[in-house]
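Structure file upload.cif with mmCIF, C-alpha atoms and all ligand atoms:
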```cif
data_final
#
loop_
_atom_site.label_atom_id
_atom_site.label_comp_id
_atom_site.auth_asym_id
_atom_site.auth_seq_id
_atom_site.Cartn_x
_atom_site.Cartn_y
_atom_site.Cartn_z
CA MET S 1 47.88 -43.31 40.80
CA GLY S 2 47.55 -40.62 43.50
CA GLN S 3 45.31 -37.56 43.81
CA THR S 4 46.08 -35.31 40.87
CA ALA S 5 44.50 -32.24 39.40
CA ARG S 6 42.81 -34.48 36.85
CA PRO S 7 39.18 -35.37 37.55
CA ARG S 8 38.72 -38.83 38.94
CA VAL S 9 36.37 -41.07 37.01
CA PHE S 10 34.66 -44.15 38.38
CA SER S 11 32.30 -46.46 36.52
CA GLY S 12 31.19 -50.07 36.62
CA ILE S 13 29.68 -52.87 34.59
CA GLN S 14 28.13 -56.18 35.61
CA PRO S 15 29.72 -59.45 34.54
CA THR S 16 26.51 -61.02 33.33
CA SER S 17 25.99 -62.66 29.93
CA GLY S 18 28.21 -60.65 27.61
CA VAL S 19 28.66 -57.01 26.71
CA THR S 20 25.99 -55.43 24.51
CA LEU S 21 26.32 -52.72 21.91
CA GLY S 22 24.28 -50.62 24.37
CA ASN S 23 26.92 -51.09 27.10
CA TYR S 24 29.60 -50.21 24.57
CA ILE S 25 28.00 -47.08 23.14
CA GLY S 26 26.45 -45.80 26.37
CA ALA S 27 29.47 -46.40 28.59
CA ILE S 28 32.62 -48.32 27.57
CA LYS S 29 33.40 -46.35 24.41
CA ASN S 30 33.37 -43.13 26.43
CA TRP S 31 35.56 -44.64 29.14
CA VAL S 32 38.11 -45.55 26.49
CA ASP S 33 37.89 -42.26 24.60
CA PHE S 34 38.61 -40.12 27.67
CA GLN S 35 40.94 -42.37 29.62
CA GLY S 36 44.07 -40.39 28.70
CA GLN S 37 42.66 -37.20 30.20
CA LYS S 38 41.41 -38.49 33.54
CA ASP S 39 42.33 -40.49 36.61
CA ASN S 40 40.23 -43.60 35.98
CA LEU S 41 38.81 -46.56 37.86
CA PHE S 42 36.66 -49.13 36.08
CA CYS S 43 35.10 -51.87 38.11
CA LEU S 44 33.63 -55.26 37.17
CA VAL S 45 30.79 -55.29 39.65
CA ASP S 46 30.38 -58.96 40.48
CA LEU S 47 28.76 -58.14 43.84
CA HIS S 48 26.01 -56.32 41.95
CA ALA S 49 25.56 -59.32 39.66
CA ILE S 50 24.61 -61.58 42.57
CA THR S 51 21.62 -59.42 43.49
CA ILE S 52 19.92 -61.68 40.93
CA LYS S 53 20.33 -65.45 41.08
CA GLN S 54 23.50 -66.55 39.26
CA ASP S 55 25.04 -69.89 38.49
CA PRO S 56 28.42 -69.74 40.33
CA ALA S 57 30.51 -71.39 37.59
CA GLU S 58 28.87 -69.22 34.93
CA LEU S 59 29.46 -66.07 36.91
CA ARG S 60 33.15 -66.91 37.30
CA ALA S 61 33.51 -67.55 33.56
CA ARG S 62 31.58 -64.40 32.62
CA THR S 63 33.76 -62.32 34.91
CA ARG S 64 36.99 -63.33 33.19
CA GLU S 65 35.35 -62.87 29.80
CA LEU S 66 34.31 -59.35 30.79
CA MET S 67 37.86 -58.52 31.85
CA ALA S 68 39.12 -59.72 28.45
CA MET S 69 36.41 -57.76 26.66
CA LEU S 70 37.10 -54.51 28.50
CA LEU S 71 40.79 -54.74 27.64
CA ALA S 72 39.88 -55.67 24.05
CA CYS S 73 37.71 -52.54 23.86
CA GLY S 74 40.75 -50.45 24.74
CA LEU S 75 40.84 -50.03 28.51
CA ASP S 76 44.53 -49.84 29.25
CA PRO S 77 45.77 -51.00 32.67
CA ALA S 78 48.65 -48.54 32.34
CA ARG S 79 46.19 -45.65 32.23
CA SER S 80 43.17 -46.97 34.14
CA ILE S 81 42.68 -49.08 37.22
CA VAL S 82 40.55 -52.01 36.07
CA PHE S 83 39.48 -54.34 38.87
CA LEU S 84 36.96 -56.70 40.35
CA GLN S 85 34.63 -55.30 42.99
CA SER S 86 34.74 -58.38 45.24
CA HIS S 87 38.56 -58.17 45.37
CA VAL S 88 38.42 -54.91 47.32
CA ARG S 89 36.78 -55.34 50.71
CA ALA S 90 36.32 -51.60 51.14
CA HIS S 91 33.25 -51.76 48.85
CA THR S 92 31.17 -54.08 51.02
CA GLU S 93 32.35 -52.44 54.20
CA ALA S 94 31.40 -48.97 52.98
CA ALA S 95 28.09 -50.27 51.64
CA TRP S 96 27.13 -51.41 55.13
CA LEU S 97 28.11 -48.07 56.63
CA LEU S 98 26.08 -46.23 53.99
CA ASN S 99 23.12 -48.58 54.52
CA CYS S 100 23.01 -47.08 57.98
CA VAL S 101 22.57 -43.53 56.69
CA THR S 102 20.17 -44.28 53.80
CA PRO S 103 16.41 -44.16 54.40
CA ILE S 104 14.68 -47.22 52.97
CA GLY S 105 12.14 -45.01 51.19
CA TRP S 106 14.90 -43.66 48.92
CA LEU S 107 15.60 -47.21 47.72
CA GLN S 108 11.99 -48.24 47.27
CA LYS S 109 11.53 -45.34 44.83
CA MET S 110 14.27 -46.49 42.43
CA THR S 111 12.78 -47.35 39.04
CA GLN S 112 15.30 -50.11 38.37
CA PHE S 113 14.38 -51.80 41.66
CA LYS S 114 10.67 -51.55 40.81
CA ASP S 115 11.25 -52.93 37.29
CA LYS S 116 13.56 -55.75 38.32
CA SER S 117 11.64 -56.81 41.41
CA VAL S 118 8.40 -57.45 39.51
CA LYS S 119 10.29 -59.93 37.32
CA GLN S 120 11.55 -61.98 40.30
CA GLU S 121 9.70 -64.72 42.16
CA SER S 122 11.46 -63.77 45.36
CA VAL S 123 13.06 -60.37 45.73
CA LEU S 124 16.43 -60.47 47.45
CA THR S 125 17.40 -57.80 49.98
CA GLY S 126 20.51 -57.13 47.88
CA LEU S 127 18.33 -55.98 45.00
CA LEU S 128 16.85 -53.26 47.20
CA THR S 129 20.19 -52.14 48.65
CA TYR S 130 21.96 -52.42 45.27
CA PRO S 131 22.17 -48.62 44.82
CA VAL S 132 23.81 -48.26 48.23
CA LEU S 133 26.62 -50.57 47.10
CA MET S 134 26.83 -48.49 43.94
CA ALA S 135 27.07 -45.31 46.04
CA ALA S 136 29.85 -46.97 48.05
CA ASP S 137 31.69 -47.85 44.81
CA ILE S 138 31.74 -44.24 43.72
CA LEU S 139 32.20 -42.43 47.03
CA ILE S 140 35.14 -44.42 48.43
CA TYR S 141 37.25 -43.18 45.52
CA LYS S 142 35.98 -39.59 45.85
CA ALA S 143 35.14 -39.79 42.15
CA ASN S 144 34.18 -36.53 40.44
CA GLU S 145 32.61 -38.05 37.35
CA VAL S 146 30.54 -41.16 36.71
CA PRO S 147 30.14 -41.90 32.97
CA VAL S 148 27.05 -44.06 32.54
CA GLY S 149 24.08 -44.64 30.25
CA GLU S 150 20.72 -43.02 30.94
CA ASP S 151 19.41 -45.98 32.98
CA GLN S 152 22.01 -45.42 35.74
CA LYS S 153 21.42 -41.68 36.14
CA GLN S 154 18.92 -42.11 38.96
CA HIS S 155 21.41 -44.25 40.90
CA VAL S 156 24.10 -41.59 40.57
CA GLU S 157 21.64 -38.98 41.77
CA LEU S 158 20.87 -41.15 44.77
CA THR S 159 24.62 -41.43 45.38
CA ARG S 160 24.78 -37.63 45.53
CA ASN S 161 21.98 -37.59 48.11
CA ILE S 162 23.68 -40.25 50.21
CA ALA S 163 27.00 -38.36 50.08
CA GLU S 164 25.32 -35.12 51.11
CA ARG S 165 23.56 -36.84 53.95
CA PHE S 166 26.77 -38.43 55.23
CA ASN S 167 28.65 -35.12 54.94
CA GLY S 168 25.82 -33.33 56.76
CA LEU S 169 25.69 -35.87 59.60
CA PHE S 170 29.39 -36.55 60.17
CA GLY S 171 31.41 -33.83 58.42
CA GLU S 172 32.73 -33.18 54.92
CA LEU S 173 34.27 -36.35 53.58
CA PHE S 174 32.75 -37.23 50.24
CA VAL S 175 33.00 -35.52 46.89
CA ILE S 176 29.57 -35.05 45.30
CA PRO S 177 29.91 -36.90 41.97
CA GLU S 178 28.42 -35.83 38.64
CA PRO S 179 26.73 -38.31 36.30
CA VAL S 180 28.22 -37.97 32.80
CA ILE S 181 25.65 -39.09 30.24
CA PRO S 182 26.50 -39.05 26.52
CA LYS S 183 24.42 -36.64 24.41
CA LEU S 184 23.91 -39.32 21.82
CA GLY S 185 23.66 -43.03 22.56
CA ALA S 186 22.73 -42.86 26.25
CA ARG S 187 19.87 -45.25 25.59
CA ILE S 188 20.33 -47.70 22.74
CA MET S 189 17.10 -49.53 22.05
CA GLY S 190 16.39 -53.18 21.25
CA LEU S 191 16.60 -53.92 17.51
CA ASP S 192 13.50 -56.12 17.68
CA ASP S 193 11.52 -53.53 19.65
CA PRO S 194 12.75 -49.94 19.60
CA SER S 195 10.43 -49.03 22.48
CA THR S 196 12.53 -51.06 24.98
CA LYS S 197 16.14 -50.50 26.05
CA MET S 198 18.68 -52.91 24.58
CA SER S 199 19.52 -55.19 27.47
CA LYS S 200 21.39 -58.43 27.99
CA SER S 201 18.56 -60.07 29.88
CA SER S 202 17.99 -63.64 28.74
CA ALA S 203 14.27 -62.87 28.65
CA HIS S 204 14.90 -61.26 25.25
CA LYS S 205 14.91 -63.15 21.97
CA PRO S 206 17.82 -63.38 19.52
CA GLY S 207 17.76 -60.26 17.38
CA HIS S 208 17.09 -58.00 20.37
CA ALA S 209 20.66 -57.20 21.41
CA ILE S 210 24.00 -57.18 19.63
CA PHE S 211 26.81 -58.63 21.72
CA LEU S 212 30.38 -57.49 21.11
CA SER S 213 31.42 -61.12 20.69
CA ASP S 214 28.75 -61.84 18.03
CA SER S 215 29.90 -63.07 14.62
CA ALA S 216 29.55 -60.82 11.57
CA ASP S 217 26.71 -63.09 10.37
CA THR S 218 24.73 -62.80 13.57
CA ILE S 219 25.14 -59.02 13.57
CA LEU S 220 24.05 -58.74 9.95
CA ARG S 221 21.00 -60.92 10.54
CA ALA S 222 19.93 -58.90 13.59
CA PHE S 223 20.20 -55.58 11.75
CA LYS S 224 18.39 -56.90 8.68
CA ARG S 225 15.48 -57.87 10.90
CA ALA S 226 15.54 -54.60 12.90
CA VAL S 227 12.07 -53.16 13.40
CA THR S 228 11.52 -49.80 11.69
CA ASP S 229 8.27 -48.20 10.45
CA SER S 230 6.13 -48.13 7.36
CA GLY S 231 7.52 -44.79 6.12
CA GLY S 232 10.76 -44.23 4.27
CA GLU S 233 12.37 -41.12 5.69
CA ILE S 234 15.91 -41.55 7.05
CA ARG S 235 16.34 -38.83 9.70
CA PHE S 236 16.76 -38.44 13.45
CA SER S 237 13.43 -38.02 15.17
CA ASP S 238 11.81 -37.98 18.63
CA ASP S 239 8.61 -39.42 17.18
CA PRO S 240 8.01 -42.79 18.92
CA LEU S 241 6.84 -44.17 15.57
CA LYS S 242 10.29 -43.51 14.12
CA ALA S 243 12.17 -44.90 17.12
CA GLY S 244 13.61 -47.79 15.09
CA VAL S 245 15.18 -45.56 12.44
CA ASN S 246 16.32 -43.10 15.11
CA ASN S 247 18.03 -45.96 16.94
CA LEU S 248 19.84 -47.17 13.81
CA LEU S 249 21.05 -43.64 13.03
CA THR S 250 22.17 -43.18 16.63
CA ILE S 251 24.19 -46.39 16.49
CA TYR S 252 25.75 -45.28 13.20
CA ALA S 253 26.52 -41.78 14.53
CA THR S 254 28.18 -42.94 17.75
CA ILE S 255 30.26 -45.60 16.02
CA THR S 256 31.46 -43.30 13.23
CA GLY S 257 31.78 -40.24 15.48
CA LYS S 258 29.79 -38.16 12.95
CA ASP S 259 27.24 -35.52 13.96
CA ARG S 260 23.57 -35.71 13.07
CA VAL S 261 23.82 -33.51 9.98
CA ASN S 262 26.63 -35.56 8.49
CA VAL S 263 24.90 -38.81 9.34
CA GLU S 264 21.70 -37.76 7.59
CA ALA S 265 23.79 -36.55 4.64
CA ASP S 266 25.37 -40.01 4.39
CA PHE S 267 21.94 -41.50 3.72
CA ILE S 268 20.69 -39.05 1.10
CA GLY S 269 19.94 -41.19 -1.91
CA ALA S 270 19.83 -44.43 0.10
CA ARG S 271 17.40 -46.97 -1.27
CA GLY S 272 15.00 -47.28 1.65
CA TYR S 273 15.42 -48.81 5.08
CA GLY S 274 17.00 -51.96 3.62
CA ASP S 275 20.01 -49.90 2.59
CA LEU S 276 20.12 -48.15 5.94
CA LYS S 277 20.11 -51.43 7.87
CA LEU S 278 22.85 -52.89 5.70
CA ARG S 279 25.14 -49.89 6.05
CA VAL S 280 24.66 -49.66 9.81
CA ALA S 281 25.33 -53.39 10.10
CA GLU S 282 28.54 -53.09 8.05
CA THR S 283 29.72 -50.15 10.13
CA VAL S 284 29.13 -52.05 13.37
CA ILE S 285 30.76 -55.23 12.04
CA GLU S 286 33.88 -53.32 10.99
CA ALA S 287 34.09 -51.46 14.31
CA LEU S 288 33.71 -54.64 16.34
CA ARG S 289 36.03 -56.82 14.25
CA PRO S 290 39.32 -55.66 15.86
CA ILE S 291 37.70 -55.81 19.30
CA ARG S 292 36.63 -59.40 18.73
CA GLU S 293 40.08 -60.33 17.44
CA ARG S 294 41.79 -58.84 20.48
CA TYR S 295 39.23 -60.56 22.71
CA GLU S 296 39.95 -63.97 21.14
CA ALA S 297 43.66 -63.52 21.92
CA LEU S 298 43.16 -62.19 25.46
CA ILE S 299 40.72 -64.88 26.57
CA LYS S 300 43.35 -67.52 25.75
CA GLU S 301 45.62 -66.08 28.44
CA PRO S 302 43.70 -66.38 31.71
CA ALA S 303 46.84 -65.95 33.85
CA ASN S 304 47.44 -62.57 32.26
CA LEU S 305 43.83 -61.52 32.90
CA ASP S 306 44.05 -62.66 36.51
CA ALA S 307 47.33 -60.79 37.02
CA ASN S 308 45.75 -57.62 35.64
CA MET S 309 42.78 -58.03 37.98
CA ARG S 310 45.09 -58.49 40.95
CA ARG S 311 47.16 -55.41 40.14
CA GLY S 312 43.98 -53.40 39.63
CA ALA S 313 42.61 -54.52 43.00
CA GLU S 314 45.82 -53.55 44.80
CA ALA S 315 45.78 -50.09 43.28
CA ALA S 316 42.06 -49.64 44.03
CA ALA S 317 42.43 -50.82 47.64
CA ALA S 318 45.30 -48.38 48.21
CA ILE S 319 42.91 -45.50 47.42
CA SER S 320 39.69 -46.71 49.02
CA GLU S 321 40.82 -48.37 52.26
CA PRO S 322 42.04 -45.17 53.95
CA ILE S 323 38.77 -43.45 53.01
CA VAL S 324 36.70 -46.24 54.54
CA ARG S 325 38.84 -46.05 57.71
CA GLN S 326 37.99 -42.36 57.86
CA MET S 327 34.28 -43.09 57.39
CA LYS S 328 34.35 -45.50 60.33
CA GLU S 329 36.11 -43.05 62.60
CA MET S 330 33.74 -40.24 61.68
CA MET S 331 30.78 -42.50 62.47
CA GLY S 332 32.17 -43.25 65.93
CA LEU S 333 33.46 -46.78 65.39
CA THR S 334 36.54 -47.59 67.46
CA PRO S 335 39.69 -48.28 65.45
CA ALA S 336 41.42 -51.56 66.29
CA GLN S 337 44.57 -50.95 68.33
CA PRO S 338 47.81 -52.62 67.26
CA SER S 339 48.40 -55.90 69.14
CA LEU S 340 50.52 -55.60 72.30
CA SER S 341 51.39 -59.29 72.46
CA VAL S 342 54.33 -59.27 70.09
P1 LIG H 1 25.23 -52.37 33.66
O1 LIG H 1 26.19 -53.48 33.82
O2 LIG H 1 23.79 -52.69 33.54
O3 LIG H 1 25.63 -51.51 32.40
C1 LIG H 1 26.93 -50.99 32.20
C2 LIG H 1 26.84 -49.61 31.53
O4 LIG H 1 26.17 -49.71 30.27
C3 LIG H 1 25.12 -48.75 30.21
N1 LIG H 1 24.03 -49.30 29.37
C4 LIG H 1 23.52 -48.69 28.30
N2 LIG H 1 23.80 -47.52 27.72
C5 LIG H 1 23.08 -47.19 26.61
N3 LIG H 1 22.12 -47.97 26.07
C6 LIG H 1 21.80 -49.16 26.62
N4 LIG H 1 20.85 -49.93 26.08
C7 LIG H 1 22.52 -49.57 27.80
N5 LIG H 1 22.46 -50.67 28.59
C8 LIG H 1 23.39 -50.49 29.56
C9 LIG H 1 24.69 -48.55 31.65
O5 LIG H 1 24.01 -47.33 31.82
C10 LIG H 1 26.02 -48.61 32.37
O6 LIG H 1 26.65 -47.34 32.33
N6 LIG H 1 24.69 -50.54 38.30
C11 LIG H 1 25.52 -50.51 37.12
C12 LIG H 1 26.96 -50.86 37.39
C13 LIG H 1 27.62 -50.11 38.49
C14 LIG H 1 28.13 -48.80 38.41
C15 LIG H 1 28.70 -48.53 39.71
C16 LIG H 1 28.15 -47.82 37.42
C17 LIG H 1 27.88 -50.58 39.74
N7 LIG H 1 28.54 -49.63 40.46
C18 LIG H 1 29.29 -47.32 39.99
C19 LIG H 1 28.74 -46.61 37.72
C20 LIG H 1 29.31 -46.36 38.99
C21 LIG H 1 25.00 -51.50 36.10
O7 LIG H 1 24.34 -52.44 36.45
O8 LIG H 1 25.44 -51.29 34.83
#
```

Taking this structure as input, can you express it in the form of structure tokens?
Amino acid sequence: MGQTARPRVFSGIQPTSGVTLGNYIGAIKNWVDFQGQKDNLFCLVDLHAITIKQDPAELRARTRELMAMLLACGLDPARSIVFLQSHVRAHTEAAWLLNCVTPIGWLQKMTQFKDKSVKQESVLTGLLTYPVLMAADILIYKANEVPVGEDQKQHVELTRNIAERFNGLFGELFVIPEPVIPKLGARIMGLDDPSTKMSKSSAHKPGHAIFLSDSADTILRAFKRAVTDSGGEIRFSDDPLKAGVNNLLTIYATITGKDRVNVEADFIGARGYGDLKLRVAETVIEALRPIRERYEALIKEPANLDANMRRGAEAAAAISEPIVRQMKEMMGLTPAQPSLSV
């Protein structure tokens, strides 16, 4: 896949403990929906996952499961490069180079670093420099667009600053990427607490997040228990007190592809929040059913998943390695000369 007139898209997802409905609505669904129109790279960011302590065997299993899940969701290796970050050396190499143009103060200000570091007994250096690796991911493909949920917007903005700084210091190399945040569904909230983002963190209780691999029963139970409010009005709202209902309607809207007016119309005459929860649950169950079925088939063929990862890595390396070579030259590093001893 060479440089074409089509915008280049890059995005990533961590291979940690399953894919949530938040990941799907905020990111993956949009990757799939637009993949025919763009020049796409989607990366399983295992190097980002290890910024927090991981069990090695678990991480390896989760990584393959994520590959199966992304394909099950509709990422198509014929139309998108889907690959594992650690398979392409250019990412770590570029991250080091960018570390050397990024002021530490920029990293210390990142909200995700502040949030995550308070939860750790010992904060790893990788957690601080995490956004520099993310900047490397995006910049070494000269991506124009980065489709992400709301929580990653700050990191993409930092990437823009790093790119501008590099270009200013060494000459124009990098494209300044745009974050692409969905208008609806950029921040899906926890079902058990609609004031916190739905996240896969194991610190949360069952009923907080829906995972794409959950059974219909589990999904139904989680929605039935979803926290709402003491009122009865089923409409979109910015009122924090109505965050639960707003979240359920947002999930319904993004899954069905309906706009707000049509969504609210669907619930005229509904018998209270019980009805709402049931219908949202059914909609999600039906949407996830084919994904889960495809996943079950794909996960049984690890050799096929591995082959797809390898092909993705080869295609990704072919784009990013020459750009990293250019970075090194621009920064004054001496290119290795071909050996004379043959
Ligand atoms: P990660 O793995 O945490 O999440 C993957 C994607 O899912 C989105 N997301 C959500 N969207 C809506 N509601 C939610 N509750 C929700 N939870 C997660 C995230 O915004 C993200 O788009 N650092 C990134 C991965 C990454 C990356 C990159 C992304 C590494 N390099 C380069 C883009 C470009 C992360 O940890 O995402």

Problem - Shortest interatomic distance to ligand LIG 1 (chain H) - which of S:Leu158, S:Val261, S:Ala68, S:Ala270, counting all atoms listed in the file - result: S:Leu158

Practice task
Please identify the residues whose atoms come within 8 Å of ligand LIG 1 (chain H), using only C-alpha atoms and all ligand atoms, and report them as a PyMOL selection string.
Solution key: chain S and resi 10-16+20-28+43-45+48-49+130-131+133-135+137-138+146-153+155-156+185-190+197-200

Handout entry: Exercise: Gly126 of chain S partners within 12 Å, all atoms listed in the file, chain neighbours under 4 positions left out, as a ChimeraX atom specification
Key = /S:47-53,92,95-96,99,107,113,116-117,122,130-134

Resulting file, chosen residues, C-alpha atoms, as a PDB file, in the coordinates of the input:
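Final file, part_10.pdb:
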```
ATOM      1  CA  LEU S  47      28.760 -58.140  43.840  1.00  0.00           C
ATOM      2  CA  HIS S  48      26.010 -56.320  41.950  1.00  0.00           C
ATOM      3  CA  ALA S  49      25.560 -59.320  39.660  1.00  0.00           C
ATOM      4  CA  ILE S  50      24.610 -61.580  42.570  1.00  0.00           C
ATOM      5  CA  THR S  51      21.620 -59.420  43.490  1.00  0.00           C
ATOM      6  CA  ILE S  52      19.920 -61.680  40.930  1.00  0.00           C
ATOM      7  CA  LYS S  53      20.330 -65.450  41.080  1.00  0.00           C
ATOM      8  CA  THR S  92      31.170 -54.080  51.020  1.00  0.00           C
ATOM      9  CA  ALA S  95      28.090 -50.270  51.640  1.00  0.00           C
ATOM     10  CA  TRP S  96      27.130 -51.410  55.130  1.00  0.00           C
ATOM     11  CA  ASN S  99      23.120 -48.580  54.520  1.00  0.00           C
ATOM     12  CA  LEU S 107      15.600 -47.210  47.720  1.00  0.00           C
ATOM     13  CA  PHE S 113      14.380 -51.800  41.660  1.00  0.00           C
ATOM     14  CA  LYS S 116      13.560 -55.750  38.320  1.00  0.00           C
ATOM     15  CA  SER S 117      11.640 -56.810  41.410  1.00  0.00           C
ATOM     16  CA  SER S 122      11.460 -63.770  45.360  1.00  0.00           C
ATOM     17  CA  TYR S 130      21.960 -52.420  45.270  1.00  0.00           C
ATOM     18  CA  PRO S 131      22.170 -48.620  44.820  1.00  0.00           C
ATOM     19  CA  VAL S 132      23.810 -48.260  48.230  1.00  0.00           C
ATOM     20  CA  LEU S 133      26.620 -50.570  47.100  1.00  0.00           C
ATOM     21  CA  MET S 134      26.830 -48.490  43.940  1.00  0.00           C
TER      22      MET S 134
END
```

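Rounded to one decimal, atom CA of Lys205 of chain S and atom CA of Lys277 of chain S lie 19.1 Å from each other.
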
Which residues of segment 74-178 of chain S have any atom within 10 Å of an atom in segment 292-315 of chain S when counting all atoms listed in the file, and what is the closest pair of atoms for each, with the distance in Å to one decimal? Order the rows by chain and rising number and write it as a Markdown table.
```
| residue | atom | partner | partner_atom | distance |
| --- | --- | --- | --- | --- |
| S:Gly74 | CA | S:Arg294 | CA | 9.5 |
| S:Pro77 | CA | S:Asn308 | CA | 7.3 |
| S:Ala78 | CA | S:Gly312 | CA | 9.9 |
| S:Ser80 | CA | S:Gly312 | CA | 8.5 |
| S:Ile81 | CA | S:Gly312 | CA | 5.1 |
| S:Val82 | CA | S:Gly312 | CA | 5.1 |
| S:Phe83 | CA | S:Gly312 | CA | 4.7 |
| S:Leu84 | CA | S:Met309 | CA | 6.4 |
| S:Gln85 | CA | S:Ala313 | CA | 8.0 |
| S:Ser86 | CA | S:Ala313 | CA | 9.0 |
| S:His87 | CA | S:Ala313 | CA | 5.9 |
| S:Val88 | CA | S:Ala313 | CA | 6.0 |
| S:Arg89 | CA | S:Ala313 | CA | 9.7 |
```

Exercise for the section: Determine the nearest neighbour of Gln326 of chain S from the options S:Ala253, S:Ala94, S:Val227, S:Leu66, counting all atoms listed in the file. Expected result: S:Ala94

Fill in the blank from the handout: One decimal place gives the atom CA of Ala318 of chain S-atom CA of Leu127 of chain S separation as 28.2 Å

Exercise for the section: For atom CA of Ala72 of chain S and atom CA of Pro290 of chain S, quote the distance in Å rounded to one decimal. Expected result: 8.2 Å

Fill in the blank from the handout: Closest of S:Gln120, S:Lys29, S:Asp193, S:Gln108 to Ala287 of chain S, counting all atoms listed in the file, is S:Lys29

Handout entry: Distance criterion (all atoms listed in the file): nearest to Met330 of chain S out of S:Asp266, S:Glu172, S:Glu282, S:Asp259
Key = S:Glu172

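For the choices S:Met69, S:Leu41, S:Leu184, S:Ile176, the atom-to-atom distance to Ala317 of chain S is smallest for S:Leu41 when using all atoms listed in the file.
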
Practice task
Identify, on the basis of all atoms listed in the file, every residue whose closest approach to Glu157 of chain S does not exceed 9 Å; exclude the query and any residue fewer than 3 positions from it along the same chain; express the result as a count of residues only.
Solution key: 9

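With distances taken over all atoms listed in the file, S:Asp39 is the one residue among S:Asp39, S:Glu121, S:Asp275, S:Asp115 lying closest to Ala316 of chain S.
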
Exercise for the section: Just the residues within 9 Å of Asp229 of chain S, please, counting all atoms listed in the file, with nothing from its chain fewer than 2 positions along; format it as an NGL selection string. Expected result: :S and (227 or 231-232 or 241-245 or 273)
